[in-house]
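Contents: one structure, followed by commentary.
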Amino acid sequence: AVGGLAGFKIGLVAHVGGPIIGFGVKTLTTLVGAGVGAAAARWATSSLGVNCGGVAVVIYSLRKVNVEFDAKNVNSARVYQSAATATTKKGSVAARFGINGRQIVIASTHGTEGVRGKIRGSECPASDEEDSKKALKNENNRVKDFEKGLGIINELCNKTNTDDKETGVLWGGDFNPRSVETNGQKIGCAMFPTGSFEADLASFQASRDILGSRATDANDLVKFTDVLASTGLDLREAEGLKCPTYKKGKQKVADEGAEHSQQFQCFEDGSWMYYKVSHSPSWTDRIFHSSSKPWLECENAHRVTHLSDHDAVLLT
């Protein structure tokens with residue numbers, strides 16, 4: 001319904017040409033669009049006054065698809081900047097576009113990383129109170145990142161000048177949740193593979209909806225679905241990804257060490273995927289979309305498989 005709406009992933013584009021709040025390009029091919037996109041990144045950074053590190057929103061249009069974005073309208077885009085690491089900034093970018101007479105908000109988020117018991121074999125809950133507080137703060141900031149991202153999306157949806165057209169939403173990114181224990185003494189602690197593929201996958205999937213925790217209560221696990229339900233946007237996550245999207249790694253053999261015999265591997269769409277033993281396999285990369293707009297129909301999510309780090313997620 002919306003033609004060539006881009007699939008996007010935080011970091012895929014932003015690290016090449018700089019952050020993009022948004023642009024529309026009429027082009028014969030997406031290859032031409034990609035070339036224009038690299039140049040437009042610099043323009044958008046200076047013209048819109050936004051510089052968010054690894055966060056981007058990009059539009060590639062099909063031929064004869066009318067894409068509108070008013071860079072001079074303060075209600076066309078929103079930015080939320082959160083924490084920063086040595087290599088990137090965390091936060092959200094959201095922009096409102098007109099596509100073939102429809103209004104749609106497209107957003108991208110890079111959430112705060114961090115979880116209790118992040119290092120495999122480490123004590124969790126930690127006896128060191130400062131370590132525990134630091135991890136819990138990161139979990140709380142990740143929840144805040146998601147809530148703030150949802151907030152700026154909601155603002156743009158309510159700022160449309162076309163009251164007769166309902167605004168749709170596409171929201172993707174690296175939200176950085178981790179697979180964690182959901183009950184017991186180790187509630188909120190990172191889960192690691194044990195070498196039993198099916199059992200491990202079931203355990204990871206059981207915590208798939210966990211976003212993070214509140215700083216005021218380590219046992220208060222916050223769910224994606226609960227935060228989404230707090231607004232009237234009717235957003236839901238695109239389904240279809242059985243296996244985690246993070247953290248990918250090379251296949252190991254048992255004689256490389258006892259730990260490598262516990263490497264998690266997962267079978268999806270006819271192929272095996274392998275994950276680093278040192279990290280908690282997680283669905284960090286996700287796409288959320290409007291579920292109540294007849295003109296915006298989304299299929300299941302798909303992945304672009306990578307051999308290391310993150311997989312990219314796309315939606316048609």
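Labeling convention for the structure tokens: chains A, B, ... as they appear, residues from 1 per chain, ligands from 1 in order of appearance.
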Just list as an MDAnalysis selection string whatever in region 179-261 of chain A DSSP marks as helix (DSSP H, G or I). chainID A and resid 197:206 224:229 254:256 258:261
What's the 12 Å shell around Asp217 (chain A), counting only C-alpha atoms, without same-chain residues fewer than 6 positions away, as an MDAnalysis selection string? chainID A and resid 132:133 136:137 139:140 187:188
All residues 8 Å or closer to Phe146 (chain A), only C-alpha atoms, same chain fewer than 6 positions away omitted, as a VMD selection string: chain A and resid 109 111 175
10 Å contact set for His110 (chain A), only C-alpha atoms, chain neighbours under 2 positions out, as a VMD selection string: chain A and resid 9 to 11 52 to 56 81 to 83 88 to 93 108 112 to 113 142 145 to 146 149 172 to 176 284 to 285
Distance CA of Leu307 (chain A)-CA of Gly240 (chain A), one decimal place? 19.7 Å
